[in-house]
file query_18.cif (mmCIF, C-alpha atoms and all ligand atoms)
data_final
loop_
_atom_site.label_atom_id
_atom_site.label_comp_id
_atom_site.auth_asym_id
_atom_site.auth_seq_id
_atom_site.Cartn_x
_atom_site.Cartn_y
_atom_site.Cartn_z
CA ARG A 17 -62.31 45.51 68.91
CA LEU A 18 -58.67 44.48 69.19
CA GLY A 19 -56.03 46.56 67.46
CA THR A 20 -52.65 45.49 66.16
CA GLU A 21 -50.51 47.48 68.60
CA ARG A 22 -49.76 44.61 70.97
CA PHE A 23 -50.16 40.86 71.54
CA TYR A 24 -53.20 39.69 73.48
CA SER A 25 -53.75 37.07 76.16
CA HIS A 26 -55.90 34.00 75.55
CA GLY A 27 -58.56 35.50 77.82
CA GLU A 28 -58.63 38.73 75.82
CA ILE A 29 -58.97 36.81 72.57
CA ASN A 30 -61.87 34.75 73.97
CA GLN A 31 -63.54 37.96 75.16
CA PHE A 32 -63.02 39.52 71.72
CA ILE A 33 -64.89 36.73 69.95
CA GLU A 34 -67.65 36.70 72.58
CA ASP A 35 -68.11 40.45 72.07
CA LEU A 36 -68.25 40.01 68.30
CA ALA A 37 -70.97 37.37 68.64
CA GLU A 38 -72.97 39.67 70.85
CA GLU A 39 -72.64 42.55 68.38
CA HIS A 40 -73.46 40.39 65.35
CA PRO A 41 -75.91 37.77 66.59
CA ARG A 42 -76.93 36.61 63.10
CA ARG A 43 -73.45 36.47 61.66
CA VAL A 44 -71.05 35.38 64.38
CA PHE A 45 -71.35 32.32 66.62
CA VAL A 46 -69.07 31.28 69.45
CA LYS A 47 -68.96 27.74 70.76
CA THR A 48 -66.94 26.26 73.59
CA VAL A 49 -65.42 23.15 72.06
CA GLY A 50 -63.25 21.88 74.87
CA LYS A 51 -60.80 22.59 77.63
CA SER A 52 -57.03 22.63 77.75
CA TYR A 53 -55.11 20.59 80.34
CA GLU A 54 -55.15 23.60 82.70
CA ARG A 55 -58.89 23.94 82.03
CA ARG A 56 -58.83 27.01 79.85
CA LEU A 57 -61.89 27.23 77.64
CA MET A 58 -61.23 26.57 73.98
CA LYS A 59 -63.73 28.40 71.81
CA THR A 60 -64.36 28.49 68.10
CA VAL A 61 -65.85 31.46 66.31
CA THR A 62 -67.93 30.76 63.22
CA ILE A 63 -68.28 33.67 60.83
CA THR A 64 -71.07 33.76 58.25
CA ASN A 65 -72.65 36.38 56.02
CA GLY A 66 -75.88 36.10 58.00
CA ASP A 67 -78.05 34.73 55.19
CA GLY A 68 -79.07 31.86 57.47
CA ARG A 69 -78.16 29.16 54.96
CA ARG A 70 -76.98 26.01 56.70
CA ASN A 71 -74.30 23.51 55.86
CA LYS A 72 -72.23 25.70 53.64
CA ASN A 73 -68.69 24.71 52.77
CA VAL A 74 -66.18 25.47 55.49
CA ILE A 75 -62.76 27.05 55.74
CA PHE A 76 -61.20 26.06 59.06
CA VAL A 77 -58.38 28.15 60.50
CA ASP A 78 -56.43 27.65 63.70
CA GLY A 79 -53.52 29.38 65.40
CA GLY A 80 -51.37 29.10 68.47
CA PHE A 81 -50.35 25.45 68.22
CA HIS A 82 -46.89 26.36 69.39
CA ALA A 83 -46.83 28.58 72.44
CA ARG A 84 -44.05 30.96 71.45
CA GLU A 85 -45.35 31.68 67.94
CA TRP A 86 -47.30 34.74 69.05
CA ILE A 87 -47.71 36.21 65.59
CA SER A 88 -50.01 33.29 64.76
CA PRO A 89 -52.90 34.17 67.14
CA ALA A 90 -52.32 37.83 66.22
CA ALA A 91 -52.87 37.00 62.54
CA VAL A 92 -55.96 34.98 63.42
CA VAL A 93 -57.41 37.87 65.41
CA TYR A 94 -56.87 40.20 62.46
CA LEU A 95 -58.49 37.69 60.08
CA ILE A 96 -61.56 37.44 62.31
CA ASP A 97 -61.86 41.21 62.51
CA GLU A 98 -61.50 41.53 58.74
CA LEU A 99 -64.15 38.89 57.94
CA VAL A 100 -66.63 40.33 60.43
CA ASN A 101 -66.08 44.06 60.02
CA ASN A 102 -65.22 44.27 56.33
CA LEU A 103 -68.01 42.28 54.75
CA ALA A 104 -67.99 44.59 51.72
CA ASP A 105 -64.53 43.46 50.60
CA ASN A 106 -65.01 39.84 51.62
CA ALA A 107 -68.57 39.06 50.50
CA ASP A 108 -67.31 36.49 47.97
CA LEU A 109 -65.48 34.62 50.74
CA LEU A 110 -68.70 34.22 52.75
CA MET A 111 -71.27 33.66 49.99
CA ASP A 112 -71.02 29.87 49.89
CA TYR A 113 -68.62 29.37 52.78
CA ASP A 114 -68.59 29.68 56.55
CA TRP A 115 -65.32 30.23 58.36
CA VAL A 116 -64.66 28.29 61.55
CA ILE A 117 -61.75 29.57 63.59
CA LEU A 118 -59.93 28.35 66.70
CA PRO A 119 -57.55 31.20 67.59
CA VAL A 120 -55.36 29.49 70.21
CA VAL A 121 -54.97 25.70 70.11
CA ASN A 122 -52.45 25.63 72.98
CA PRO A 123 -53.67 28.26 75.46
CA ASP A 124 -51.71 26.84 78.44
CA GLY A 125 -48.44 27.15 76.56
CA TYR A 126 -49.39 30.53 75.13
CA GLU A 127 -50.12 31.94 78.60
CA TYR A 128 -46.91 30.40 79.95
CA THR A 129 -44.84 32.25 77.34
CA GLN A 130 -46.46 35.51 78.45
CA LEU A 131 -45.37 35.03 82.08
CA SER A 132 -41.70 35.97 81.86
CA GLU A 133 -38.61 36.37 79.72
CA GLU A 134 -37.44 32.94 80.91
CA THR A 135 -40.55 31.17 79.65
CA ARG A 136 -40.94 33.19 76.43
CA MET A 137 -39.59 30.43 74.15
CA TRP A 138 -41.80 27.57 75.39
CA ARG A 139 -43.21 25.53 72.49
CA LYS A 140 -45.23 22.59 73.84
CA THR A 141 -48.36 22.01 75.89
CA ARG A 142 -48.13 22.15 79.70
CA LYS A 143 -49.21 18.69 80.84
CA PRO A 144 -46.40 16.86 82.64
CA SER A 145 -44.95 14.30 80.26
CA SER A 146 -42.60 12.55 82.72
CA PRO A 147 -41.49 13.08 86.32
CA ASP A 148 -38.89 15.53 85.05
CA CYS A 149 -40.39 17.19 82.03
CA ILE A 150 -43.46 19.05 80.92
CA GLY A 151 -45.27 19.22 77.63
CA THR A 152 -45.96 17.44 74.39
CA ASP A 153 -45.61 18.92 70.93
CA PRO A 154 -49.27 19.24 69.93
CA ASN A 155 -48.19 19.16 66.29
CA ARG A 156 -46.73 15.67 66.70
CA ASN A 157 -49.68 14.24 68.64
CA PHE A 158 -52.17 13.51 65.83
CA ASP A 159 -53.12 9.97 64.96
CA PHE A 160 -51.83 9.78 61.42
CA HIS A 161 -48.46 8.06 61.01
CA TRP A 162 -48.01 9.10 64.65
CA ASN A 163 -44.42 9.13 65.94
CA GLU A 164 -42.99 7.64 62.75
CA GLU A 165 -40.53 10.32 61.65
CA GLY A 166 -39.39 13.74 62.82
CA ALA A 167 -40.88 13.31 66.27
CA SER A 168 -39.26 12.39 69.56
CA GLU A 169 -40.00 9.70 72.14
CA ASP A 170 -38.15 11.66 74.80
CA PRO A 171 -40.63 13.58 77.02
CA CYS A 172 -38.02 16.28 77.52
CA ASP A 173 -37.61 17.04 73.80
CA GLN A 174 -39.25 19.94 71.99
CA THR A 175 -40.88 17.56 69.50
CA TYR A 176 -42.10 14.94 71.99
CA ALA A 177 -44.95 13.10 70.27
CA GLY A 178 -46.78 12.23 73.49
CA SER A 179 -47.28 8.94 75.32
CA LYS A 180 -49.73 7.93 72.59
CA ALA A 181 -51.57 9.59 69.71
CA PHE A 182 -54.06 12.14 71.03
CA SER A 183 -52.65 12.07 74.55
CA GLU A 184 -53.20 15.85 74.64
CA PRO A 185 -56.71 17.24 75.14
CA GLU A 186 -55.91 20.19 72.87
CA ALA A 187 -55.08 17.90 69.92
CA VAL A 188 -58.32 15.98 70.55
CA VAL A 189 -60.28 19.23 70.32
CA VAL A 190 -58.73 20.02 66.92
CA SER A 191 -59.27 16.46 65.70
CA ASP A 192 -62.94 16.53 66.73
CA LEU A 193 -63.39 19.78 64.83
CA ILE A 194 -61.63 18.39 61.76
CA HIS A 195 -63.95 15.37 61.73
CA SER A 196 -67.08 17.37 62.37
CA TYR A 197 -66.35 19.56 59.32
CA ALA A 198 -64.61 17.00 57.12
CA ASP A 199 -67.55 16.51 54.73
CA ARG A 200 -67.87 20.23 53.90
CA GLY A 201 -64.41 21.45 54.86
CA LYS A 202 -62.53 22.63 51.78
CA MET A 203 -59.49 24.31 53.30
CA TYR A 204 -57.68 23.64 56.58
CA LEU A 205 -55.20 26.34 57.45
CA THR A 206 -52.96 26.25 60.52
CA LEU A 207 -50.80 29.30 61.26
CA HIS A 208 -47.32 28.89 62.70
CA SER A 209 -44.00 30.72 62.61
CA TYR A 210 -41.44 31.05 61.38
CA GLY A 211 -40.81 30.76 57.67
CA PRO A 212 -42.00 32.30 55.50
CA TYR A 213 -43.44 29.11 54.02
CA ILE A 214 -46.74 27.84 52.70
CA LEU A 215 -46.54 24.09 53.26
CA TYR A 216 -48.82 21.37 51.99
CA PRO A 217 -48.91 17.57 52.56
CA TRP A 218 -47.25 15.39 53.06
CA GLY A 219 -45.22 16.11 56.15
CA TRP A 220 -44.97 12.49 57.26
CA SER A 221 -43.03 11.40 54.16
CA SER A 222 -41.48 12.86 51.04
CA ASP A 223 -44.31 11.44 48.90
CA LEU A 224 -46.55 13.99 47.23
CA PRO A 225 -50.34 13.61 47.21
CA ASP A 226 -52.09 12.79 43.90
CA THR A 227 -53.71 16.21 44.06
CA VAL A 228 -50.44 18.10 44.48
CA ASP A 229 -51.31 20.32 41.49
CA ASP A 230 -54.43 21.61 43.25
CA LEU A 231 -52.53 22.22 46.48
CA HIS A 232 -49.78 24.01 44.61
CA GLU A 233 -52.22 26.14 42.61
CA VAL A 234 -53.93 27.44 45.76
CA ALA A 235 -50.63 28.00 47.57
CA LYS A 236 -49.31 29.87 44.53
CA ALA A 237 -52.29 32.23 44.68
CA GLY A 238 -51.23 33.18 48.22
CA PHE A 239 -47.59 33.42 47.22
CA ASP A 240 -48.37 35.74 44.28
CA ALA A 241 -50.69 37.99 46.28
CA ILE A 242 -48.17 38.48 49.08
CA LEU A 243 -45.26 39.07 46.72
CA GLU A 244 -47.27 41.68 44.88
CA ALA A 245 -48.52 43.39 48.06
CA THR A 246 -45.31 43.61 50.10
CA GLY A 247 -42.48 41.92 48.23
CA THR A 248 -42.20 39.15 50.82
CA LEU A 249 -41.08 35.97 49.11
CA TYR A 250 -42.72 32.89 50.61
CA GLU A 251 -41.43 29.44 49.78
CA ILE A 252 -44.09 26.92 48.76
CA GLY A 253 -44.01 23.15 48.58
CA SER A 254 -44.63 20.03 50.62
CA SER A 255 -43.72 20.16 54.32
CA THR A 256 -41.16 17.39 54.00
CA ASN A 257 -39.53 18.76 50.88
CA VAL A 258 -39.38 22.42 51.93
CA LEU A 259 -38.78 22.01 55.66
CA TYR A 260 -38.33 18.55 57.19
CA VAL A 261 -40.19 15.31 57.72
CA ALA A 262 -42.47 15.48 60.78
CA ALA A 263 -45.29 13.00 61.27
CA GLY A 264 -48.35 13.34 63.48
CA ALA A 265 -49.10 16.96 62.56
CA SER A 266 -52.54 18.49 62.11
CA ASP A 267 -52.15 19.45 58.44
CA ASP A 268 -51.62 15.86 57.28
CA TYR A 269 -54.42 14.74 59.59
CA ALA A 270 -56.94 17.20 58.14
CA PHE A 271 -55.92 16.40 54.58
CA ASN A 272 -56.29 12.68 55.21
CA ALA A 273 -59.67 13.28 56.88
CA GLY A 274 -61.04 14.89 53.71
CA PHE A 275 -60.05 18.56 53.47
CA PRO A 276 -58.86 18.81 49.84
CA ILE A 277 -56.69 21.81 50.69
CA SER A 278 -54.56 21.78 53.82
CA PHE A 279 -51.73 24.18 54.60
CA THR A 280 -49.34 25.07 57.34
CA MET A 281 -48.53 28.72 56.84
CA GLU A 282 -45.33 29.70 58.59
CA LEU A 283 -45.31 33.46 58.96
CA PRO A 284 -42.07 35.40 58.55
CA PRO A 285 -39.53 35.75 61.35
CA GLY A 286 -39.12 38.85 63.49
CA GLY A 287 -36.93 39.74 66.45
CA THR A 288 -34.78 36.69 67.07
CA GLY A 289 -37.22 34.58 65.03
CA PHE A 290 -40.28 33.69 67.08
CA ASP A 291 -40.54 37.10 68.78
CA PRO A 292 -41.30 39.90 66.37
CA PRO A 293 -41.74 43.18 68.25
CA ALA A 294 -45.23 44.54 68.76
CA SER A 295 -44.39 47.28 66.28
CA ALA A 296 -44.19 44.62 63.53
CA ILE A 297 -47.62 43.11 64.16
CA ASP A 298 -49.61 45.46 61.98
CA GLN A 299 -47.60 44.90 58.83
CA MET A 300 -47.27 41.15 59.39
CA VAL A 301 -50.92 40.38 60.04
CA LYS A 302 -52.08 42.51 57.11
CA GLU A 303 -49.65 40.77 54.80
CA THR A 304 -50.83 37.39 56.10
CA TRP A 305 -54.43 38.30 55.45
CA VAL A 306 -53.60 39.24 51.84
CA GLY A 307 -52.24 35.73 51.33
CA ILE A 308 -55.06 33.95 53.11
CA ALA A 309 -57.74 35.93 51.27
CA ALA A 310 -56.12 35.09 47.93
CA MET A 311 -55.96 31.39 48.79
CA ALA A 312 -59.55 31.40 50.03
CA ARG A 313 -60.63 33.17 46.84
CA LYS A 314 -59.03 30.41 44.80
CA VAL A 315 -60.70 27.76 46.97
CA VAL A 316 -64.19 29.26 46.64
CA GLN A 317 -63.72 29.29 42.85
CA LYS A 318 -62.48 25.71 42.69
CA TYR A 319 -64.73 23.87 45.14
O1 LIG B 1 -42.53 21.45 63.06
C1 LIG B 1 -43.68 21.92 63.00
O2 LIG B 1 -44.61 21.49 63.68
C2 LIG B 1 -43.96 23.07 62.04
N1 LIG B 1 -42.87 24.04 62.09
S1 LIG B 1 -42.64 24.95 63.44
O3 LIG B 1 -41.38 25.66 63.31
N2 LIG B 1 -43.79 26.06 63.53
O4 LIG B 1 -42.72 24.10 64.60
C3 LIG B 1 -44.07 22.54 60.62
C4 LIG B 1 -45.13 21.50 60.41
C5 LIG B 1 -45.27 21.12 58.95
N3 LIG B 1 -46.18 20.04 58.74
C6 LIG B 1 -45.85 18.73 58.82
N4 LIG B 1 -44.60 18.35 59.01
N5 LIG B 1 -46.80 17.84 58.69
ZN ZN B 2 -45.21 26.00 64.99
#
call {"tool": "encode", "arguments": {"input": "query_18.cif", "output": "structure tokens"}}
result
Amino acid sequence: RLGTERFYSHGEINQFIEDLAEEHPRRVFVKTVGKSYERRLMKTVTITNGDGRRNKNVIFVDGGFHAREWISPAAVVYLIDELVNNLADNADLLMDYDWVILPVVNPDGYEYTQLSEETRMWRKTRKPSSPDCIGTDPNRNFDFHWNEEGASEDPCDQTYAGSKAFSEPEAVVVSDLIHSYADRGKMYLTLHSYGPYILYPWGWSSDLPDTVDDLHEVAKAGFDAILEATGTLYEIGSSTNVLYVAAGASDDYAFNAGFPISFTMELPPGGTGFDPPASAIDQMVKETWVGIAAMARKVVQKY
């Protein structure tokens, strides 16, 4: 069991989900879904209530898109622990839903930021993008309005969109998962930092989806729950309107593929922004879970 006293490596997180599956063989299932550029194993954990019913609706959660946003995998680890080890409080969230979770989308980048102070603020993947530069922004690499706005064609930039859509193996893994769950996936949630924001589509343009009221209602449930629990004031709205236009991201891709609810949750800042101290993890991940649970509760009522 992983506590909240420090940040964990990608290997430790993979081991954590493997151990959970071994301890709870009827409730927790781990699957290797692909490999990163540096051949790290990317694994999903599927959490169920163990009733054996197949093809339930799905809530899909991922973290660790951007290497330096360490609080994201930390929040995902806490969410996994909560769903598995606190079934009593979360039975309603697992009655008609399975949760599929990919804790670290960009393990090469995540490990790179753990190497040294100098590499701590790395954002992108680690595949060479030109003779001089390394990395693509995995959250600009999806094949939906790819490279149209808010993305860069310069391989040395932080928001480099890649040589083509889905040039990065890590983005392909997420896309394959999105498609494999699109028919029963009701909420796609990708955790980033830093905000605090709960963002919904679209991020590729300032247009709002026809179903913006549904998106806003679910986001508001998370907003209210967090405000009430800790006083943290999230901002909610469309990615483009709250933050900036940025095409080729996973949230728009999942929404377009059929998930009726799709959010980027940007957790609050800490430290200089992307580097909250380990002492802040406990409070931050618990607060995040309050918001996610409230949004999931709204989703299981609505869909
Ligand atoms: O720019 C991003 O990828 C996200 N912000 S971050 O600071 N974590 O890098 C926001 C993505 C919002 N979604 C879309 N623009 N589609
Ligand atoms: Zn991010």
call {"tool": "residues_near_ligand", "arguments": {"input": "query_18.cif", "ligand": "ligand LIG 1 (chain B)", "cutoff": "6 Å", "atoms": "only C-alpha atoms and all ligand atoms", "output": "PyMOL selection string"}}
result
chain A and resi 155+208-210+219-220+255+261-263+265+267-268+280
call {"tool": "atom_distance", "arguments": {"input": "query_18.cif", "atom1": "CA of Leu95 in chain A", "atom2": "CA of Asp78 in chain A"}}
result
10.9 Å
call {"tool": "atom_distance", "arguments": {"input": "query_18.cif", "atom1": "CA of Leu207 in chain A", "atom2": "CA of Val77 in chain A"}}
result
7.7 Å
call {"tool": "residues_around", "arguments": {"input": "query_18.cif", "residues": "range 269-279 of chain A", "least_positions_apart": "4", "cutoff": "7 Å", "atoms": "all atoms listed in the file", "output": "JSON, numbers by chain"}}
result
{"A": [158, 160, 194, 195, 198, 199, 201, 202, 203, 204, 205, 206, 214, 215, 216, 231, 265]}
call {"tool": "atom_distance", "arguments": {"input": "query_18.cif", "atom1": "CA of Ala90 in chain A", "atom2": "CA of Phe290 in chain A"}}
result
12.8 Å
call {"tool": "residues_around", "arguments": {"input": "query_18.cif", "residues": "Glu134 in chain A", "least_positions_apart": "5", "cutoff": "12 Å", "atoms": "only C-alpha atoms", "output": "PyMOL selection string"}}
result
chain A and resi 84+128-129
call {"tool": "write_last_selection", "arguments": {"input": "query_18.cif", "atoms": "C-alpha atoms", "output": "tab-separated table (two decimals), keeping the file's coordinate frame"}}
result
chain	number	residue	atom	x	y	z
A	84	ARG	CA	-44.05	30.96	71.45
A	128	TYR	CA	-46.91	30.40	79.95
A	129	THR	CA	-44.84	32.25	77.34
call {"tool": "closest_residue", "arguments": {"input": "query_18.cif", "among": "A:Lys47, A:Arg136, A:His82, A:Lys302", "to": "ligand ZN 2 (chain B)", "atoms": "all atoms listed in the file"}}
result
A:His82
call {"tool": "closest_residue", "arguments": {"input": "query_18.cif", "among": "A:Thr304, A:Ser295, A:Arg200, A:Val190", "to": "Leu243 in chain A", "atoms": "all atoms listed in the file"}}
result
A:Thr304
call {"tool": "residues_around", "arguments": {"input": "query_18.cif", "residues": "Trp305 in chain A", "least_positions_apart": "3", "cutoff": "8 Å", "atoms": "all atoms listed in the file", "output": "ChimeraX atom specification"}}
result
/A:91,94-95,301-302,308-309
call {"tool": "closest_residue", "arguments": {"input": "query_18.cif", "among": "A:Gly27, A:Gly79, A:Pro293, A:Gly166", "to": "Tyr260 in chain A", "atoms": "all atoms listed in the file"}}
result
A:Gly166
call {"tool": "residues_around", "arguments": {"input": "query_18.cif", "residues": "Thr246 in chain A", "least_positions_apart": "4", "cutoff": "9 Å", "atoms": "only C-alpha atoms", "output": "PDB file with C-alpha atoms, in the frame of the given file"}}
result
ATOM      1  CA  ALA A 241     -50.690  37.990  46.280  1.00  0.00           C
ATOM      2  CA  ILE A 242     -48.170  38.480  49.080  1.00  0.00           C
ATOM      3  CA  GLU A 303     -49.650  40.770  54.800  1.00  0.00           C
TER       4      GLU A 303
END
call {"tool": "closest_residue", "arguments": {"input": "query_18.cif", "among": "A:Phe81, A:Tyr319, A:Trp218, A:Trp86", "to": "ligand ZN 2 (chain B)", "atoms": "only C-alpha atoms and all ligand atoms"}}
result
A:Phe81
call {"tool": "closest_residue", "arguments": {"input": "query_18.cif", "among": "A:Ser25, A:Phe76, A:Asp170, A:Ala83", "to": "Asp148 in chain A", "atoms": "all atoms listed in the file"}}
result
A:Asp170
call {"tool": "residues_around", "arguments": {"input": "query_18.cif", "residues": "range 97-110 of chain A", "least_positions_apart": "5", "cutoff": "10 Å", "atoms": "only C-alpha atoms", "output": "compact mmCIF listing (two decimals) with C-alpha atoms, in the coordinates of the input"}}
result
# COMPACT_ATOMS: atom_id res chain seq x y z
CA ARG A 17 -62.31 45.51 68.91
CA LEU A 18 -58.67 44.48 69.19
CA GLY A 19 -56.03 46.56 67.46
CA PHE A 32 -63.02 39.52 71.72
CA ILE A 33 -64.89 36.73 69.95
CA LEU A 36 -68.25 40.01 68.30
CA ALA A 37 -70.97 37.37 68.64
CA HIS A 40 -73.46 40.39 65.35
CA ARG A 43 -73.45 36.47 61.66
CA VAL A 44 -71.05 35.38 64.38
CA ILE A 63 -68.28 33.67 60.83
CA THR A 64 -71.07 33.76 58.25
CA ASN A 65 -72.65 36.38 56.02
CA GLY A 66 -75.88 36.10 58.00
CA ASP A 67 -78.05 34.73 55.19
CA LYS A 72 -72.23 25.70 53.64
CA ASN A 73 -68.69 24.71 52.77
CA VAL A 74 -66.18 25.47 55.49
CA ILE A 75 -62.76 27.05 55.74
CA ALA A 91 -52.87 37.00 62.54
CA VAL A 92 -55.96 34.98 63.42
CA TRP A 115 -65.32 30.23 58.36
CA LYS A 302 -52.08 42.51 57.11
CA TRP A 305 -54.43 38.30 55.45
CA ALA A 309 -57.74 35.93 51.27
CA ALA A 310 -56.12 35.09 47.93
CA ALA A 312 -59.55 31.40 50.03
CA ARG A 313 -60.63 33.17 46.84
CA LYS A 314 -59.03 30.41 44.80
CA VAL A 315 -60.70 27.76 46.97
CA VAL A 316 -64.19 29.26 46.64
CA GLN A 317 -63.72 29.29 42.85
call {"tool": "closest_residue", "arguments": {"input": "query_18.cif", "among": "A:Thr60, A:Ser221, A:Asn71, A:Gln174", "to": "ligand ZN 2 (chain B)", "atoms": "all atoms listed in the file"}}
result
A:Gln174
